[in-house]
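Peer 1: Structure file structure_30.txt, compact mmCIF, C-alpha atoms, is pasted below:
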```
# COMPACT_ATOMS: atom_id res chain seq x y z
CA MET A 20 -17.59 -22.41 -10.11
CA GLU A 21 -14.61 -22.03 -7.83
CA ILE A 22 -12.97 -19.58 -10.22
CA PHE A 23 -16.20 -17.58 -10.53
CA LEU A 24 -16.34 -17.17 -6.75
CA THR A 25 -12.71 -16.00 -6.68
CA TYR A 26 -13.38 -13.33 -9.27
CA LEU A 27 -16.57 -12.29 -7.48
CA LYS A 28 -14.56 -11.74 -4.29
CA VAL A 29 -11.90 -9.77 -6.18
CA PHE A 30 -14.59 -7.66 -7.86
CA ALA A 31 -16.48 -6.97 -4.63
CA VAL A 32 -13.46 -6.06 -2.49
CA GLY A 33 -11.70 -4.07 -5.22
CA GLY A 34 -14.89 -2.21 -6.04
CA PHE A 35 -15.57 -1.53 -2.38
CA VAL A 36 -12.07 -0.08 -1.86
CA CYS A 37 -12.51 2.21 -4.88
CA MET A 38 -15.99 3.22 -3.73
CA LEU A 39 -14.61 4.32 -0.35
CA GLY A 40 -12.12 6.47 -2.25
CA GLN A 41 -14.94 7.96 -4.30
CA ILE A 42 -16.85 8.82 -1.10
CA LEU A 43 -13.72 10.66 0.13
CA ILE A 44 -13.50 12.53 -3.17
CA ASN A 45 -17.17 13.50 -3.07
CA LYS A 46 -17.19 14.57 0.59
CA THR A 47 -13.82 16.26 1.03
CA LYS A 48 -12.78 17.32 -2.50
CA MET A 49 -9.34 15.79 -1.88
CA SER A 50 -6.99 15.83 -4.85
CA SER A 51 -5.93 12.52 -6.36
CA ALA A 52 -2.38 12.80 -4.97
CA ARG A 53 -3.70 13.03 -1.41
CA ILE A 54 -6.04 10.09 -1.96
CA LEU A 55 -3.21 7.96 -3.31
CA VAL A 56 -0.92 8.87 -0.39
CA LEU A 57 -3.70 8.15 2.11
CA TYR A 58 -4.42 4.73 0.61
CA MET A 59 -0.74 3.86 0.47
CA LEU A 60 -0.36 4.74 4.16
CA ILE A 61 -3.43 2.64 5.00
CA GLY A 62 -1.83 -0.27 3.16
CA ALA A 63 1.42 0.14 5.10
CA LEU A 64 -0.50 0.40 8.38
CA LEU A 65 -2.51 -2.77 7.64
CA GLU A 66 0.72 -4.61 6.83
CA VAL A 67 2.33 -3.53 10.10
CA CYS A 68 -0.74 -4.64 12.08
CA GLY A 69 -0.64 -7.98 10.28
CA ALA A 70 -4.13 -7.50 8.88
CA PHE A 71 -3.07 -7.34 5.24
CA GLU A 72 -2.11 -11.00 4.80
CA PRO A 73 -5.55 -12.43 5.74
CA ILE A 74 -7.32 -9.84 3.53
CA LYS A 75 -4.96 -10.70 0.68
CA LYS A 76 -5.66 -14.40 1.14
CA PHE A 77 -9.38 -13.65 0.92
CA ALA A 78 -9.49 -11.12 -1.91
CA GLY A 79 -6.28 -11.62 -3.91
CA SER A 80 -5.86 -8.85 -6.46
CA GLY A 81 -8.80 -6.96 -4.94
CA VAL A 82 -6.41 -5.42 -2.41
CA THR A 83 -3.04 -5.76 -4.15
CA ILE A 84 -4.04 -3.93 -7.35
CA PRO A 85 -5.27 -0.83 -5.45
CA ILE A 86 -2.37 1.34 -4.32
CA MET A 87 -2.65 -0.26 -0.84
CA GLY A 88 -0.64 -3.16 -2.25
CA PHE A 89 2.20 -0.74 -3.00
CA GLY A 90 2.22 0.52 0.59
CA SER A 91 2.05 -2.95 2.04
CA ASN A 92 4.94 -4.10 -0.16
CA LEU A 93 7.05 -1.19 1.08
CA ALA A 94 6.30 -2.00 4.72
CA LYS A 95 6.76 -5.75 4.24
CA GLY A 96 10.09 -5.29 2.47
CA ALA A 97 11.38 -3.04 5.25
CA ILE A 98 10.34 -5.45 8.00
CA GLU A 99 11.80 -8.50 6.24
CA GLY A 100 14.98 -6.63 5.41
CA ALA A 101 15.40 -5.59 9.04
CA LYS A 102 15.01 -9.23 10.10
CA GLN A 103 17.51 -10.60 7.59
CA ASN A 104 20.20 -7.93 7.17
CA GLY A 105 19.79 -5.73 10.22
CA MET A 106 19.98 -1.98 9.84
CA LEU A 107 21.11 -2.01 6.19
CA GLY A 108 18.21 -4.31 5.34
CA ALA A 109 15.79 -1.89 6.99
CA ILE A 110 17.10 0.87 4.75
CA THR A 111 17.17 -1.05 1.47
CA GLY A 112 14.23 -3.42 2.01
CA GLY A 113 11.35 -1.06 1.30
CA LEU A 114 12.47 0.29 -2.06
CA SER A 115 13.91 -2.99 -3.30
CA SER A 116 10.54 -4.70 -2.82
CA VAL A 117 8.81 -2.15 -5.09
CA ALA A 118 11.78 -1.67 -7.42
CA ALA A 119 10.13 -3.54 -10.30
CA GLY A 120 6.98 -1.42 -10.25
CA LEU A 121 8.86 1.86 -9.91
CA THR A 122 11.21 0.99 -12.75
CA VAL A 123 8.34 0.12 -15.07
CA VAL A 124 6.53 3.36 -14.15
CA ILE A 125 9.60 5.51 -14.80
CA VAL A 126 10.55 3.79 -18.07
CA CYS A 127 6.96 3.89 -19.36
CA GLY A 128 6.64 7.53 -18.29
CA PHE A 129 9.79 8.50 -20.16
CA VAL A 130 9.05 6.52 -23.33
CA PHE A 131 5.37 7.45 -23.60
CA GLY A 132 6.19 11.03 -22.63
CA LEU A 133 8.59 11.20 -25.58
CA ILE A 134 6.36 9.62 -28.20
CA SER A 135 2.92 10.84 -27.21
CA ARG A 136 1.51 14.35 -27.01
CA SER A 137 -1.22 15.27 -24.59
CA ARG A 138 -4.60 15.54 -26.26
CA SER A 139 -6.63 18.66 -25.68
CA LYS A 140 -8.76 18.13 -22.61
CA LYS A 141 -12.08 17.89 -24.39
CA ILE A 142 -14.04 15.16 -22.70
CA MET B 30 -17.19 43.31 0.23
CA ILE B 31 -18.41 40.01 1.62
CA ASP B 32 -16.75 38.34 4.56
CA ARG B 33 -15.06 34.98 4.61
CA LYS B 34 -18.00 32.93 5.81
CA GLU B 35 -20.43 34.38 3.31
CA TYR B 36 -17.96 33.68 0.54
CA GLN B 37 -17.53 30.06 1.65
CA ASP B 38 -21.29 29.61 1.76
CA TYR B 39 -21.52 31.05 -1.73
CA VAL B 40 -18.80 28.72 -3.01
CA SER B 41 -20.29 25.60 -1.45
CA LYS B 42 -23.69 26.49 -2.87
CA ASN B 43 -22.45 27.09 -6.39
CA ALA B 44 -19.58 24.58 -6.72
CA PRO B 45 -20.50 21.73 -9.06
CA LYS B 46 -21.70 18.75 -7.05
CA SER B 47 -20.77 15.29 -8.18
CA PRO B 48 -23.92 13.20 -8.07
CA MET B 49 -23.35 10.80 -5.18
CA VAL B 50 -25.02 7.58 -6.22
CA ARG B 51 -23.97 7.60 -9.87
CA THR B 52 -20.28 8.25 -9.08
CA LEU B 53 -20.25 5.60 -6.35
CA VAL B 54 -21.71 2.95 -8.64
CA ALA B 55 -19.31 3.90 -11.44
CA ALA B 56 -16.31 3.79 -9.07
CA PHE B 57 -17.41 0.41 -7.71
CA ILE B 58 -17.87 -1.20 -11.11
CA VAL B 59 -14.76 0.23 -12.78
CA GLY B 60 -12.56 -0.43 -9.74
CA GLY B 61 -13.86 -3.98 -9.50
CA ILE B 62 -13.29 -4.63 -13.20
CA ILE B 63 -9.71 -3.30 -13.06
CA CYS B 64 -8.95 -5.55 -10.08
CA CYS B 65 -10.48 -8.51 -11.95
CA ILE B 66 -8.28 -7.78 -14.98
CA GLY B 67 -5.28 -7.86 -12.63
CA GLU B 68 -6.39 -11.18 -11.16
CA GLY B 69 -6.90 -12.53 -14.69
CA ILE B 70 -3.39 -11.50 -15.73
CA GLY B 71 -2.04 -13.23 -12.61
CA ASP B 72 -3.93 -16.42 -13.50
CA ILE B 73 -2.65 -16.36 -17.09
CA ILE B 74 0.94 -15.94 -15.84
CA LYS B 75 0.40 -18.90 -13.50
CA LEU B 76 -0.86 -20.99 -16.43
CA ILE B 77 2.12 -20.17 -18.65
CA PHE B 78 4.90 -20.28 -16.04
CA LYS B 79 3.82 -23.08 -13.73
CA ASP B 80 6.86 -23.10 -11.45
CA MET B 81 6.91 -19.37 -10.76
CA SER B 82 6.61 -18.42 -7.09
CA GLU B 83 3.54 -16.58 -5.82
CA LYS B 84 5.61 -13.48 -5.06
CA ASP B 85 7.08 -13.25 -8.58
CA VAL B 86 3.61 -13.66 -10.10
CA ALA B 87 2.39 -10.69 -8.03
CA ILE B 88 5.37 -8.58 -9.15
CA TRP B 89 4.80 -9.42 -12.85
CA GLU B 90 1.10 -8.78 -12.44
CA SER B 91 1.62 -5.26 -11.10
CA CYS B 92 4.27 -4.54 -13.77
CA ILE B 93 1.86 -5.52 -16.55
CA MET B 94 -0.98 -3.53 -14.98
CA ILE B 95 1.29 -0.47 -14.77
CA PHE B 96 2.23 -0.93 -18.42
CA LEU B 97 -1.42 -1.23 -19.44
CA GLY B 98 -2.31 1.86 -17.40
CA SER B 99 0.41 3.91 -19.05
CA PHE B 100 -0.41 2.55 -22.52
CA PHE B 101 -4.07 3.54 -22.28
CA THR B 102 -3.07 6.91 -20.81
CA ALA B 103 -0.84 7.50 -23.83
CA LEU B 104 -3.76 6.66 -26.11
CA GLY B 105 -5.87 9.18 -24.20
CA LEU B 106 -8.45 6.57 -23.19
CA TYR B 107 -7.66 6.40 -19.48
CA ASP B 108 -8.51 10.04 -18.86
CA LYS B 109 -11.86 9.52 -20.54
CA LEU B 110 -12.48 6.55 -18.25
CA GLY B 111 -11.42 8.67 -15.26
CA HIS B 112 -14.01 11.26 -16.17
CA TYR B 113 -16.76 8.70 -15.58
CA ALA B 114 -15.21 6.51 -12.90
CA GLY B 115 -13.40 8.94 -10.58
CA GLY B 116 -12.02 6.96 -7.67
CA GLY B 117 -12.42 3.71 -9.56
CA SER B 118 -9.65 4.73 -11.93
CA ILE B 119 -7.46 6.64 -9.45
CA ILE B 120 -6.97 4.09 -6.70
CA PRO B 121 -5.83 0.99 -8.64
CA ILE B 122 -2.14 0.88 -9.57
CA THR B 123 -3.11 1.85 -13.13
CA GLY B 124 -4.14 5.21 -11.67
CA PHE B 125 -0.67 5.58 -10.16
CA ALA B 126 0.79 4.94 -13.62
CA ASN B 127 -1.66 7.45 -15.06
CA SER B 128 -0.51 10.07 -12.53
CA VAL B 129 3.08 9.65 -13.78
CA ILE B 130 2.49 9.42 -17.53
CA SER B 131 -0.13 12.18 -17.74
CA PRO B 132 2.17 15.03 -16.61
CA ALA B 133 5.05 13.54 -18.64
CA MET B 134 2.93 13.86 -21.78
CA GLU B 135 1.54 17.21 -20.72
CA TYR B 136 4.94 18.84 -20.24
CA ASN B 137 6.91 17.31 -23.10
CA ARG B 138 6.68 20.59 -24.98
CA GLU B 139 8.94 22.07 -22.29
CA GLY B 140 11.80 19.79 -23.26
CA VAL B 141 13.13 16.43 -22.18
CA PHE B 142 15.07 17.50 -19.10
CA PHE B 143 12.87 20.00 -17.34
CA GLY B 144 9.69 18.95 -19.07
CA ILE B 145 9.36 15.18 -19.09
CA CYS B 146 11.94 14.14 -16.51
CA ALA B 147 11.25 16.81 -13.91
CA LYS B 148 7.46 17.13 -14.20
CA MET B 149 6.88 13.34 -14.31
CA PHE B 150 6.68 13.22 -10.51
CA VAL B 151 4.39 16.19 -9.96
CA ILE B 152 1.65 13.92 -8.54
CA ALA B 153 3.57 10.71 -7.88
CA GLY B 154 6.40 12.45 -6.00
CA PRO B 155 4.52 12.77 -2.69
CA ILE B 156 3.53 9.10 -2.91
CA ILE B 157 7.11 7.94 -3.35
CA VAL B 158 8.46 10.33 -0.70
CA PHE B 159 5.83 9.35 1.87
CA GLY B 160 6.18 5.66 1.03
CA VAL B 161 9.96 5.54 1.29
CA THR B 162 10.02 7.61 4.48
CA VAL B 163 7.36 5.49 6.15
CA SER B 164 9.03 2.25 5.08
CA PHE B 165 12.35 3.49 6.49
CA PHE B 166 10.78 4.23 9.88
CA ILE B 167 8.92 0.92 9.89
CA GLY B 168 12.17 -0.92 9.17
CA PHE B 169 14.03 1.18 11.76
CA ILE B 170 11.47 0.42 14.47
CA SER B 171 11.14 -3.25 13.61
CA TYR B 172 14.96 -3.58 13.79
CA PHE B 173 14.84 -2.63 17.44
CA VAL B 174 11.58 -4.36 18.33
CA VAL B 175 12.19 -7.76 16.73
```
Kindly return the structure encoded in the file as C-alpha cells.

Peer 2:
Amino acid sequence: MEIFLTYLKVFAVGGFVCMLGQILINKTKMSSARILVLYMLIGALLEVCGAFEPIKKFAGSGVTIPIMGFGSNLAKGAIEGAKQNGMLGAITGGLSSVAAGLTVVIVCGFVFGLISRSRSKKI
Amino acid sequence: MIDRKEYQDYVSKNAPKSPMVRTLVAAFIVGGIICCIGEGIGDIIKLIFKDMSEKDVAIWESCIMIFLGSFFTALGLYDKLGHYAGGGSIIPITGFANSVISPAMEYNREGVFFGICAKMFVIAGPIIVFGVTVSFFIGFISYFVV
C-alpha cells in the first residue's frame, strides 16, 4: 500500500509538470529547446530558494526525472562547491554534479548516431 | 498586398490547432508513466545495491533513463511517442536525451566530424550553455553571501 501511494505521488506530480509544459506548448508555440531551458531555469531557481528539497521529498522521481532535476543539480553543485572549496568550487561544482548525465548523453549520442540512421519522418 | 496584422490574423486562423484536452491528458499520462519508470529503476537499484547512498542512486537512475531515452530514439519509437504525447515526452530527461540523439542520427550523412559531433548539440546546446552559466553565477553569488 505504501509503495502504491509513493508511485501515485510520482505519477501525479510528474504528470502535472509535463501537463504544464504542454499548456505552454499549446498556448505559446514555444519550441522544445525553449521549453527545456525554461524548465531547467525553474529547477535552478527552486533549488536556490530552497523549495526543491521539500518537493523532492514529497514526489521523488516526479520532479527529478523532468529536466528540472538537471537544473537543480547544477545549482546545488555550485552552492555546495562554493561552500567547500571557495571560488574554485563555485566554478567546478555545477558541471561536476551533472557530469555523469552529460557523459552518458554524449557517449550515447555518438554511438547511436554512428550506428543508426534517421527514419523518414512518416508518423 | 495585405498588411502585417491581417497576415497574422490569417495565420492564427489557419495554423493547425492542437486539441487542448486530448494533448493535456496525453502529456499528463505519458509524463507520469515516464517518471514512474524512473522511480521504479531507482527502487530496483536500491534493492540490488543496498548500501548505495541516496545521491548515487539518483545519479544511476538518471543515467539509465538517459540511456533508455536514447535507445528508444535510435529505434525510432520515441519520436512516435512524442507525436502523441508532446510535452509528456519532451520534459522528462529522456526528452533531453532525445534532443541530442535525434540530430546526431539526422546529420550522420554529413560525416562524423561536422555531422554527428557538431550537430549533436543543435537543441541541447542552449540548455547546457544556460545551465552552466546560471550555475556559475549561483556559485559566484553564494561564495560571497555564505

Peer 1: Would you pick out the contacts of segment 92-94 of chain B at 10 Å or less, using only C-alpha atoms, so that residues sharing its chain but fewer than 3 positions from it are not included, and give the list as a list in words?

Peer 2: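 In the requested format, the answer is Ile84, Ala119, Gly120, Leu121, Thr122, Val123 and Val124 of chain A; Ile63, Cys64, Ile66, Gly67, Ile70, Gly71, Val86, Ala87, Ile88, Trp89, Leu97, Gly98, Ser99, Phe100, Pro121, Ile122, Thr123, Gly124 and Ala126 of chain B.
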
Peer 1: Would you list the contacts of Val163 of chain B as a list in words, taking every protein, DNA or RNA residue within 10 Å and counting only C-alpha atoms, but skipping same-chain residues closer than 3 positions in sequence?

Peer 2: Leu60, Ala63, Leu64, Gly90, Leu93, Ala94, Ala97 and Gly113 of chain A; Ile157, Val158, Phe159, Gly160, Phe166, Ile167, Gly168 and Phe169 of chain B

Peer 1: Which one of B:Phe143, B:Tyr36, B:Phe165, B:Tyr113 sits closest to chain A if you count only C-alpha atoms?

Peer 2: B:Phe165

Peer 1: Name all residues at most 9 Å from segment 51-53 of chain B (count all atoms listed in the file; drop same-chain ones fewer than 6 positions away) and give them as a count of residues only.

Peer 2: 11

Peer 1: Residues of chain A within 7 Å of chain B, counting only C-alpha atoms, what are they? List them as a PyMOL selection string.

Peer 2: chain A and resi 26+29-31+33-35+37-38+40-41+45+51-52+55-56+80-81+84-86+90+93-94+97-98+101-102+105-106+109-110+113-114+119-120+123-124+127-129+131-133+135-138+142

Peer 1: What's the 7 Å shell around Met87 of chain A, counting only C-alpha atoms, without same-chain residues fewer than 5 positions away, as a list of chain:residue names?

Peer 2: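 Everything that qualifies: A:Tyr58, A:Met59, A:Ile61, A:Gly62, A:Val82.
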